[in-house]
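Q: The file below is my_file03.pdb, PDB, C-alpha atoms:
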```pdb
ATOM      1  CA  MET A   1      -3.428 -18.707 -56.866  1.00  0.00           C
ATOM      2  CA  SER A   2      -5.683 -15.779 -56.491  1.00  0.00           C
ATOM      3  CA  LYS A   3      -4.202 -12.382 -56.282  1.00  0.00           C
ATOM      4  CA  VAL A   4      -4.820 -10.411 -53.163  1.00  0.00           C
ATOM      5  CA  GLU A   5      -6.666  -7.367 -54.143  1.00  0.00           C
ATOM      6  CA  GLN A   6      -5.263  -4.233 -52.717  1.00  0.00           C
ATOM      7  CA  ARG A   7      -7.453  -1.237 -52.719  1.00  0.00           C
ATOM      8  CA  GLU A   8      -6.073   2.194 -52.388  1.00  0.00           C
ATOM      9  CA  GLN A   9      -7.929   4.093 -49.737  1.00  0.00           C
ATOM     10  CA  THR A  10      -8.676   7.418 -51.198  1.00  0.00           C
ATOM     11  CA  THR A  11     -10.965   8.764 -48.544  1.00  0.00           C
ATOM     12  CA  ASP A  12     -10.794   8.174 -44.819  1.00  0.00           C
ATOM     13  CA  PRO A  13     -14.201   6.883 -43.679  1.00  0.00           C
ATOM     14  CA  HIS A  14     -12.962   7.161 -40.104  1.00  0.00           C
ATOM     15  CA  GLU A  15     -13.088  10.920 -40.141  1.00  0.00           C
ATOM     16  CA  ASP A  16     -16.790  10.933 -40.885  1.00  0.00           C
ATOM     17  CA  VAL A  17     -17.736   8.945 -37.808  1.00  0.00           C
ATOM     18  CA  ASP A  18     -19.109  10.979 -34.960  1.00  0.00           C
ATOM     19  CA  LEU A  19     -17.043   9.950 -31.944  1.00  0.00           C
ATOM     20  CA  LYS A  20     -18.190  12.688 -29.582  1.00  0.00           C
ATOM     21  CA  GLY A  21     -20.115  10.251 -27.384  1.00  0.00           C
ATOM     22  CA  THR A  22     -17.150   7.889 -27.251  1.00  0.00           C
ATOM     23  CA  LEU A  23     -14.834  10.754 -26.327  1.00  0.00           C
ATOM     24  CA  PHE A  24     -17.212  11.768 -23.567  1.00  0.00           C
ATOM     25  CA  GLY A  25     -17.445   8.185 -22.243  1.00  0.00           C
ATOM     26  CA  VAL A  26     -13.700   7.669 -22.312  1.00  0.00           C
ATOM     27  CA  ALA A  27     -13.171  11.033 -20.597  1.00  0.00           C
ATOM     28  CA  ILE A  28     -15.572  10.123 -17.767  1.00  0.00           C
ATOM     29  CA  VAL A  29     -13.769   6.826 -17.120  1.00  0.00           C
ATOM     30  CA  GLY A  30     -10.361   8.517 -17.465  1.00  0.00           C
ATOM     31  CA  PHE A  31     -11.095  11.327 -15.017  1.00  0.00           C
ATOM     32  CA  PHE A  32     -12.662   8.855 -12.578  1.00  0.00           C
ATOM     33  CA  ILE A  33      -9.434   6.801 -12.600  1.00  0.00           C
ATOM     34  CA  LEU A  34      -7.330   9.972 -12.312  1.00  0.00           C
ATOM     35  CA  PHE A  35      -9.269  11.444  -9.384  1.00  0.00           C
ATOM     36  CA  SER A  36      -9.520   8.175  -7.458  1.00  0.00           C
ATOM     37  CA  TRP A  37      -5.787   7.542  -7.948  1.00  0.00           C
ATOM     38  CA  PHE A  38      -4.876  10.982  -6.601  1.00  0.00           C
ATOM     39  CA  GLY A  39      -7.443  10.583  -3.821  1.00  0.00           C
ATOM     40  CA  VAL A  40      -5.813   7.378  -2.608  1.00  0.00           C
ATOM     41  CA  TRP A  41      -2.375   8.972  -2.954  1.00  0.00           C
ATOM     42  CA  ALA A  42      -3.439  11.986  -0.875  1.00  0.00           C
ATOM     43  CA  LEU A  43      -4.828   9.631   1.785  1.00  0.00           C
ATOM     44  CA  PHE A  44      -1.497   7.757   1.819  1.00  0.00           C
ATOM     45  CA  LEU A  45       0.490  10.999   2.194  1.00  0.00           C
ATOM     46  CA  SER A  46      -1.733  12.385   4.945  1.00  0.00           C
ATOM     47  CA  ARG A  47      -1.444   9.305   7.171  1.00  0.00           C
TER      48      ARG A  47
ATOM     49  CA  MET B   1      -2.003   5.615 -40.263  1.00  0.00           C
ATOM     50  CA  ASN B   2      -5.303   7.382 -40.326  1.00  0.00           C
ATOM     51  CA  MET B   3      -6.644   8.209 -36.945  1.00  0.00           C
ATOM     52  CA  HIS B   4      -9.622  10.162 -35.822  1.00  0.00           C
ATOM     53  CA  LYS B   5      -8.855  13.393 -34.019  1.00  0.00           C
ATOM     54  CA  TYR B   6     -10.600  12.210 -30.825  1.00  0.00           C
ATOM     55  CA  GLU B   7      -8.729   8.905 -30.901  1.00  0.00           C
ATOM     56  CA  LYS B   8      -5.492  10.864 -30.788  1.00  0.00           C
ATOM     57  CA  TRP B   9      -6.820  12.858 -27.820  1.00  0.00           C
ATOM     58  CA  TRP B  10      -7.657   9.872 -25.679  1.00  0.00           C
ATOM     59  CA  MET B  11      -4.500   8.014 -26.573  1.00  0.00           C
ATOM     60  CA  LEU B  12      -2.562  11.073 -25.437  1.00  0.00           C
ATOM     61  CA  PHE B  13      -4.705  11.299 -22.295  1.00  0.00           C
ATOM     62  CA  GLY B  14      -4.115   7.599 -21.465  1.00  0.00           C
ATOM     63  CA  SER B  15      -0.380   7.706 -22.095  1.00  0.00           C
ATOM     64  CA  GLY B  16      -0.047  10.988 -20.174  1.00  0.00           C
ATOM     65  CA  THR B  17      -1.920   9.600 -17.177  1.00  0.00           C
ATOM     66  CA  LEU B  18       0.232   6.475 -17.159  1.00  0.00           C
ATOM     67  CA  LEU B  19       3.356   8.632 -17.323  1.00  0.00           C
ATOM     68  CA  ILE B  20       2.204  10.780 -14.375  1.00  0.00           C
ATOM     69  CA  PHE B  21       1.445   7.672 -12.277  1.00  0.00           C
ATOM     70  CA  LEU B  22       4.833   6.126 -13.059  1.00  0.00           C
ATOM     71  CA  ILE B  23       6.670   9.366 -12.226  1.00  0.00           C
ATOM     72  CA  VAL B  24       4.854   9.696  -8.888  1.00  0.00           C
ATOM     73  CA  VAL B  25       5.559   6.045  -7.990  1.00  0.00           C
ATOM     74  CA  GLY B  26       9.186   6.349  -9.153  1.00  0.00           C
ATOM     75  CA  VAL B  27       9.866   9.560  -7.206  1.00  0.00           C
ATOM     76  CA  SER B  28       8.271   8.223  -4.006  1.00  0.00           C
ATOM     77  CA  ALA B  29      10.182   4.931  -4.271  1.00  0.00           C
ATOM     78  CA  PHE B  30      13.636   6.048  -5.412  1.00  0.00           C
ATOM     79  CA  TYR B  31      13.838   9.637  -4.153  1.00  0.00           C
ATOM     80  CA  MET B  32      11.643   9.641  -1.044  1.00  0.00           C
ATOM     81  CA  GLY B  33      12.525   6.052  -0.155  1.00  0.00           C
ATOM     82  CA  SER B  34       9.038   4.800   0.575  1.00  0.00           C
ATOM     83  CA  THR B  35       8.839   1.016   0.534  1.00  0.00           C
ATOM     84  CA  PRO B  36       6.029  -1.441   1.065  1.00  0.00           C
ATOM     85  CA  PRO B  37       6.253  -3.792   4.065  1.00  0.00           C
ATOM     86  CA  TYR B  38       8.637  -6.640   3.470  1.00  0.00           C
ATOM     87  CA  CYS B  39       9.516  -9.980   5.093  1.00  0.00           C
ATOM     88  CA  ALA B  40      13.093 -10.822   4.164  1.00  0.00           C
ATOM     89  CA  THR B  41      13.951 -12.491   7.482  1.00  0.00           C
ATOM     90  CA  THR B  42      12.791 -16.038   8.071  1.00  0.00           C
ATOM     91  CA  LEU B  43      12.616 -18.029  11.284  1.00  0.00           C
ATOM     92  CA  ASP B  44      11.211 -21.279  12.623  1.00  0.00           C
ATOM     93  CA  PRO B  45       7.564 -20.484  13.448  1.00  0.00           C
ATOM     94  CA  GLU B  46       7.469 -23.181  16.125  1.00  0.00           C
ATOM     95  CA  ASN B  47      10.357 -21.700  18.090  1.00  0.00           C
ATOM     96  CA  VAL B  48       9.748 -17.975  17.699  1.00  0.00           C
ATOM     97  CA  ARG B  49      10.132 -17.279  21.407  1.00  0.00           C
ATOM     98  CA  GLU B  50      13.624 -18.777  21.347  1.00  0.00           C
ATOM     99  CA  HIS B  51      14.678 -16.535  18.472  1.00  0.00           C
ATOM    100  CA  ASP B  52      17.058 -13.661  19.371  1.00  0.00           C
ATOM    101  CA  SER B  53      14.833 -10.992  17.765  1.00  0.00           C
ATOM    102  CA  PHE B  54      11.818 -11.955  19.856  1.00  0.00           C
ATOM    103  CA  GLN B  55      13.391 -12.158  23.317  1.00  0.00           C
ATOM    104  CA  GLU B  56      12.420  -8.599  24.160  1.00  0.00           C
ATOM    105  CA  LEU B  57       8.994  -7.546  22.978  1.00  0.00           C
ATOM    106  CA  GLY B  58       7.635  -4.033  22.835  1.00  0.00           C
ATOM    107  CA  LEU B  59       9.204  -0.657  22.145  1.00  0.00           C
ATOM    108  CA  LYS B  60      12.966  -0.193  22.318  1.00  0.00           C
ATOM    109  CA  GLN B  61      14.860   3.059  21.786  1.00  0.00           C
ATOM    110  CA  LEU B  62      17.716   2.714  19.326  1.00  0.00           C
ATOM    111  CA  ASP B  63      18.751   6.329  18.788  1.00  0.00           C
ATOM    112  CA  ASP B  64      17.521   9.881  19.434  1.00  0.00           C
ATOM    113  CA  ASN B  65      14.308   9.450  17.520  1.00  0.00           C
ATOM    114  CA  GLU B  66      14.721   5.888  16.290  1.00  0.00           C
ATOM    115  CA  TYR B  67      12.773   3.075  17.859  1.00  0.00           C
ATOM    116  CA  SER B  68      12.095  -0.553  17.192  1.00  0.00           C
ATOM    117  CA  LEU B  69       8.785  -2.153  18.004  1.00  0.00           C
ATOM    118  CA  THR B  70       8.678  -5.937  18.261  1.00  0.00           C
ATOM    119  CA  ILE B  71       5.339  -7.680  18.468  1.00  0.00           C
ATOM    120  CA  LEU B  72       4.467 -11.351  18.490  1.00  0.00           C
ATOM    121  CA  ALA B  73       1.024 -12.342  17.289  1.00  0.00           C
ATOM    122  CA  SER B  74      -0.739 -15.611  17.997  1.00  0.00           C
ATOM    123  CA  ALA B  75      -4.351 -16.733  18.037  1.00  0.00           C
ATOM    124  CA  PHE B  76      -5.898 -14.513  19.464  1.00  0.00           C
ATOM    125  CA  ASP B  77      -3.458 -12.136  21.009  1.00  0.00           C
ATOM    126  CA  TYR B  78      -0.758  -9.558  20.351  1.00  0.00           C
ATOM    127  CA  ASP B  79       2.149  -9.957  22.757  1.00  0.00           C
ATOM    128  CA  VAL B  80       3.563  -6.442  23.099  1.00  0.00           C
ATOM    129  CA  GLY B  81       5.643  -7.136  26.203  1.00  0.00           C
ATOM    130  CA  ASN B  82       3.104  -6.113  28.852  1.00  0.00           C
ATOM    131  CA  PRO B  83      -0.211  -7.610  29.985  1.00  0.00           C
ATOM    132  CA  GLU B  84      -2.060  -4.282  29.558  1.00  0.00           C
ATOM    133  CA  LYS B  85      -1.304  -4.399  25.813  1.00  0.00           C
ATOM    134  CA  VAL B  86      -0.462  -0.724  25.702  1.00  0.00           C
ATOM    135  CA  ILE B  87       2.520   0.719  23.882  1.00  0.00           C
ATOM    136  CA  GLU B  88       3.552   4.319  24.494  1.00  0.00           C
ATOM    137  CA  ILE B  89       5.394   6.001  21.668  1.00  0.00           C
ATOM    138  CA  PRO B  90       6.694   9.589  21.691  1.00  0.00           C
ATOM    139  CA  LYS B  91       5.220  11.824  18.990  1.00  0.00           C
ATOM    140  CA  GLY B  92       7.390  12.131  15.906  1.00  0.00           C
ATOM    141  CA  ALA B  93       9.215   8.879  16.577  1.00  0.00           C
ATOM    142  CA  SER B  94      10.422   6.881  13.620  1.00  0.00           C
ATOM    143  CA  VAL B  95       9.570   3.287  14.404  1.00  0.00           C
ATOM    144  CA  SER B  96      10.754   0.118  12.707  1.00  0.00           C
ATOM    145  CA  ILE B  97       8.124  -2.509  13.298  1.00  0.00           C
ATOM    146  CA  TYR B  98       9.075  -6.197  13.483  1.00  0.00           C
ATOM    147  CA  ALA B  99       6.303  -8.703  13.890  1.00  0.00           C
ATOM    148  CA  THR B 100       5.585 -12.339  13.263  1.00  0.00           C
ATOM    149  CA  THR B 101       3.092 -15.019  14.184  1.00  0.00           C
ATOM    150  CA  THR B 102       3.471 -18.350  15.948  1.00  0.00           C
ATOM    151  CA  ASP B 103       0.510 -20.045  14.306  1.00  0.00           C
ATOM    152  CA  VAL B 104      -1.733 -18.889  11.472  1.00  0.00           C
ATOM    153  CA  ILE B 105      -1.724 -15.796   9.265  1.00  0.00           C
ATOM    154  CA  HIS B 106      -2.681 -12.651  11.144  1.00  0.00           C
ATOM    155  CA  GLY B 107      -3.117  -9.056  10.111  1.00  0.00           C
ATOM    156  CA  PHE B 108      -1.280  -6.111  11.581  1.00  0.00           C
ATOM    157  CA  GLU B 109      -3.009  -2.806  11.148  1.00  0.00           C
ATOM    158  CA  ILE B 110      -2.568   0.322  13.191  1.00  0.00           C
ATOM    159  CA  ALA B 111      -5.958   1.757  12.340  1.00  0.00           C
ATOM    160  CA  GLY B 112      -5.860   5.191  10.721  1.00  0.00           C
ATOM    161  CA  THR B 113      -2.195   4.916   9.683  1.00  0.00           C
ATOM    162  CA  ASN B 114      -0.222   3.424   6.810  1.00  0.00           C
ATOM    163  CA  ALA B 115       1.236   0.779   9.143  1.00  0.00           C
ATOM    164  CA  ASN B 116      -0.584  -2.178   7.679  1.00  0.00           C
ATOM    165  CA  MET B 117       0.856  -5.572   6.825  1.00  0.00           C
ATOM    166  CA  MET B 118       0.265  -9.300   6.891  1.00  0.00           C
ATOM    167  CA  LEU B 119       1.981 -11.605   9.384  1.00  0.00           C
ATOM    168  CA  GLU B 120       2.884 -15.028   8.042  1.00  0.00           C
ATOM    169  CA  PRO B 121       4.280 -17.921  10.075  1.00  0.00           C
ATOM    170  CA  GLY B 122       8.011 -18.247   9.434  1.00  0.00           C
ATOM    171  CA  TYR B 123       8.560 -14.663   8.294  1.00  0.00           C
ATOM    172  CA  VAL B 124       9.402 -11.472  10.161  1.00  0.00           C
ATOM    173  CA  SER B 125       7.222  -8.762   8.656  1.00  0.00           C
ATOM    174  CA  THR B 126       8.921  -5.388   8.719  1.00  0.00           C
ATOM    175  CA  ASN B 127       7.517  -1.930   8.236  1.00  0.00           C
ATOM    176  CA  ARG B 128       8.589   1.600   9.056  1.00  0.00           C
ATOM    177  CA  TYR B 129       6.293   4.284  10.309  1.00  0.00           C
ATOM    178  CA  THR B 130       6.682   7.784  11.743  1.00  0.00           C
ATOM    179  CA  PHE B 131       4.012   8.693  14.285  1.00  0.00           C
ATOM    180  CA  LYS B 132       3.322  12.308  13.292  1.00  0.00           C
ATOM    181  CA  ASN B 133       0.145  12.850  15.323  1.00  0.00           C
ATOM    182  CA  ALA B 134      -0.459  12.330  19.015  1.00  0.00           C
ATOM    183  CA  GLY B 135      -3.406  10.199  20.043  1.00  0.00           C
ATOM    184  CA  GLU B 136      -4.596   6.716  20.750  1.00  0.00           C
ATOM    185  CA  TYR B 137      -4.427   4.141  17.992  1.00  0.00           C
ATOM    186  CA  THR B 138      -5.681   0.590  17.887  1.00  0.00           C
ATOM    187  CA  LEU B 139      -3.558  -2.227  16.606  1.00  0.00           C
ATOM    188  CA  LEU B 140      -5.870  -4.841  15.177  1.00  0.00           C
ATOM    189  CA  CYS B 141      -5.978  -8.012  13.137  1.00  0.00           C
ATOM    190  CA  ASN B 142      -7.452  -7.599   9.666  1.00  0.00           C
ATOM    191  CA  GLU B 143      -6.963 -11.163   8.435  1.00  0.00           C
ATOM    192  CA  TYR B 144      -9.658 -13.550   9.610  1.00  0.00           C
ATOM    193  CA  CYS B 145      -7.731 -15.951  11.863  1.00  0.00           C
ATOM    194  CA  GLY B 146     -10.398 -17.881  13.784  1.00  0.00           C
ATOM    195  CA  VAL B 147     -13.190 -17.591  16.322  1.00  0.00           C
ATOM    196  CA  GLY B 148     -11.346 -15.038  18.477  1.00  0.00           C
ATOM    197  CA  HIS B 149     -10.301 -12.845  15.546  1.00  0.00           C
ATOM    198  CA  HIS B 150     -12.283  -9.852  16.785  1.00  0.00           C
ATOM    199  CA  LEU B 151     -10.591 -10.042  20.208  1.00  0.00           C
ATOM    200  CA  MET B 152      -7.108  -9.434  18.784  1.00  0.00           C
ATOM    201  CA  ALA B 153      -6.156  -5.875  19.619  1.00  0.00           C
ATOM    202  CA  ALA B 154      -3.616  -3.714  21.385  1.00  0.00           C
ATOM    203  CA  THR B 155      -3.412   0.016  22.054  1.00  0.00           C
ATOM    204  CA  ILE B 156      -0.761   2.398  20.841  1.00  0.00           C
ATOM    205  CA  LYS B 157      -0.575   5.737  22.636  1.00  0.00           C
ATOM    206  CA  VAL B 158       1.358   8.430  20.843  1.00  0.00           C
ATOM    207  CA  VAL B 159       2.275  10.967  23.504  1.00  0.00           C
ATOM    208  CA  GLU B 160       3.681  14.502  23.223  1.00  0.00           C
TER     209      GLU B 160
END
```
How does the structure come out when it is put into structure tokens?
A:
Amino acid sequence: MSKVEQREQTTDPHEDVDLKGTLFGVAIVGFFILFSWFGVWALFLSR
Amino acid sequence: MNMHKYEKWWMLFGSGTLLIFLIVVGVSAFYMGSTPPYCATTLDPENVREHDSFQELGLKQLDDNEYSLTILASAFDYDVGNPEKVIEIPKGASVSIYATTTDVIHGFEIAGTNANMMLEPGYVSTNRYTFKNAGEYTLLCNEYCGVGHHLMAATIKVVE
């Protein structure tokens, strides 16, 4: 039976990734959902 | 767990948004008492006109500002109790709407208001609406019900 090799992660490669574009994309979708939700809610309250 | 700074941001943003939505829905449902239309009462769709609730159609005053509005839909007509198909409602009236259909599924929408529901044979659809603004509203069918679908309409006049 082979031993499962466990490697200690010394550095975090995740931190080096540039996620600015992803953050921007997620924010656009998020704010779109937020604004449309409140828009529909305002329409409901006004009627 | 290692997480990128931005990943933390959008997880917080997503969870926060969800929390806000749930609070708004919870407050409006449990504190302000807003409910969607419901159809808890059942009846025989073939003998609707014999049913006690549908003997008197149209608007009926229950209390100072409380009214009930009973409407019977069928292809392709809304029976509101008068041949002119006009209902006059005083402004500010709180109206409980009871409606059903004798044949197929019909829609029930008072255009420009939140009074919007589906009428299913065998069920009494119920909704509550307060007419805050005076004016003329059209009650129309928004579920395609057949060749005369577009002819299904009635007028609701909210008067001062």
Q: Counting only C-alpha atoms, collect the residues of chain A whose closest atom lies at most 10 Å from chain B, and write them out as a JSON list (two decimals) with C-alpha atoms, in the frame of the given file.
A:
```json
[["chain", "number", "residue", "atom", "x", "y", "z"],
["A", 12, "ASP", "CA", -10.79, 8.17, -44.82],
["A", 13, "PRO", "CA", -14.20, 6.88, -43.68],
["A", 14, "HIS", "CA", -12.96, 7.16, -40.10],
["A", 15, "GLU", "CA", -13.09, 10.92, -40.14],
["A", 16, "ASP", "CA", -16.79, 10.93, -40.88],
["A", 17, "VAL", "CA", -17.74, 8.94, -37.81],
["A", 18, "ASP", "CA", -19.11, 10.98, -34.96],
["A", 19, "LEU", "CA", -17.04, 9.95, -31.94],
["A", 20, "LYS", "CA", -18.19, 12.69, -29.58],
["A", 22, "THR", "CA", -17.15, 7.89, -27.25],
["A", 23, "LEU", "CA", -14.83, 10.75, -26.33],
["A", 24, "PHE", "CA", -17.21, 11.77, -23.57],
["A", 26, "VAL", "CA", -13.70, 7.67, -22.31],
["A", 27, "ALA", "CA", -13.17, 11.03, -20.60],
["A", 30, "GLY", "CA", -10.36, 8.52, -17.46],
["A", 31, "PHE", "CA", -11.10, 11.33, -15.02],
["A", 33, "ILE", "CA", -9.43, 6.80, -12.60],
["A", 34, "LEU", "CA", -7.33, 9.97, -12.31],
["A", 37, "TRP", "CA", -5.79, 7.54, -7.95],
["A", 38, "PHE", "CA", -4.88, 10.98, -6.60],
["A", 41, "TRP", "CA", -2.38, 8.97, -2.95],
["A", 43, "LEU", "CA", -4.83, 9.63, 1.78],
["A", 44, "PHE", "CA", -1.50, 7.76, 1.82],
["A", 45, "LEU", "CA", 0.49, 11.00, 2.19],
["A", 46, "SER", "CA", -1.73, 12.38, 4.94],
["A", 47, "ARG", "CA", -1.44, 9.30, 7.17]]
```
Q: Let me know the residues the PyMOL selection byres ((chain B and resi 61) around 12) catches in the file above, as a ChimeraX atom specification.
A: /B:58-60,62-70,88-90,93-96
Q: Enter the distance from CA of Ala99 in chain B to CA of Phe30 in chain B, in Å, rounded to one decimal.
A: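 Between CA of Ala99 in chain B and CA of Phe30 in chain B the gap works out to 25.4 Å.
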Q: Evaluate the PyMOL selection byres ((chain B and resi 39) around 10) on the structure here and hand back the selected residues as a PyMOL selection string.
A: chain B and resi 37-38+40-42+98-100+117-120+122-127
Q: By how many Å are CA of Ala111 in chain B and CA of Glu143 in chain B apart?
A: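 Going from CA of Ala111 in chain B over to CA of Glu143 in chain B covers 13.5 Å.
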Q: Would you compute the distance between CA of Arg128 in chain B and CA of Gly148 in chain B? Give it in Å to one decimal.
A: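 One can read the CA of Arg128 in chain B to CA of Gly148 in chain B distance as 27.6 Å.
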Q: Kindly extract all protein, DNA and RNA residues lying within 12 Å of the coordinates (2.8, 15.0, 27.1) given in the file, considering only C-alpha atoms, and supply them as a VMD selection string.
A: chain B and resid 88 to 91 134 to 135 157 to 160
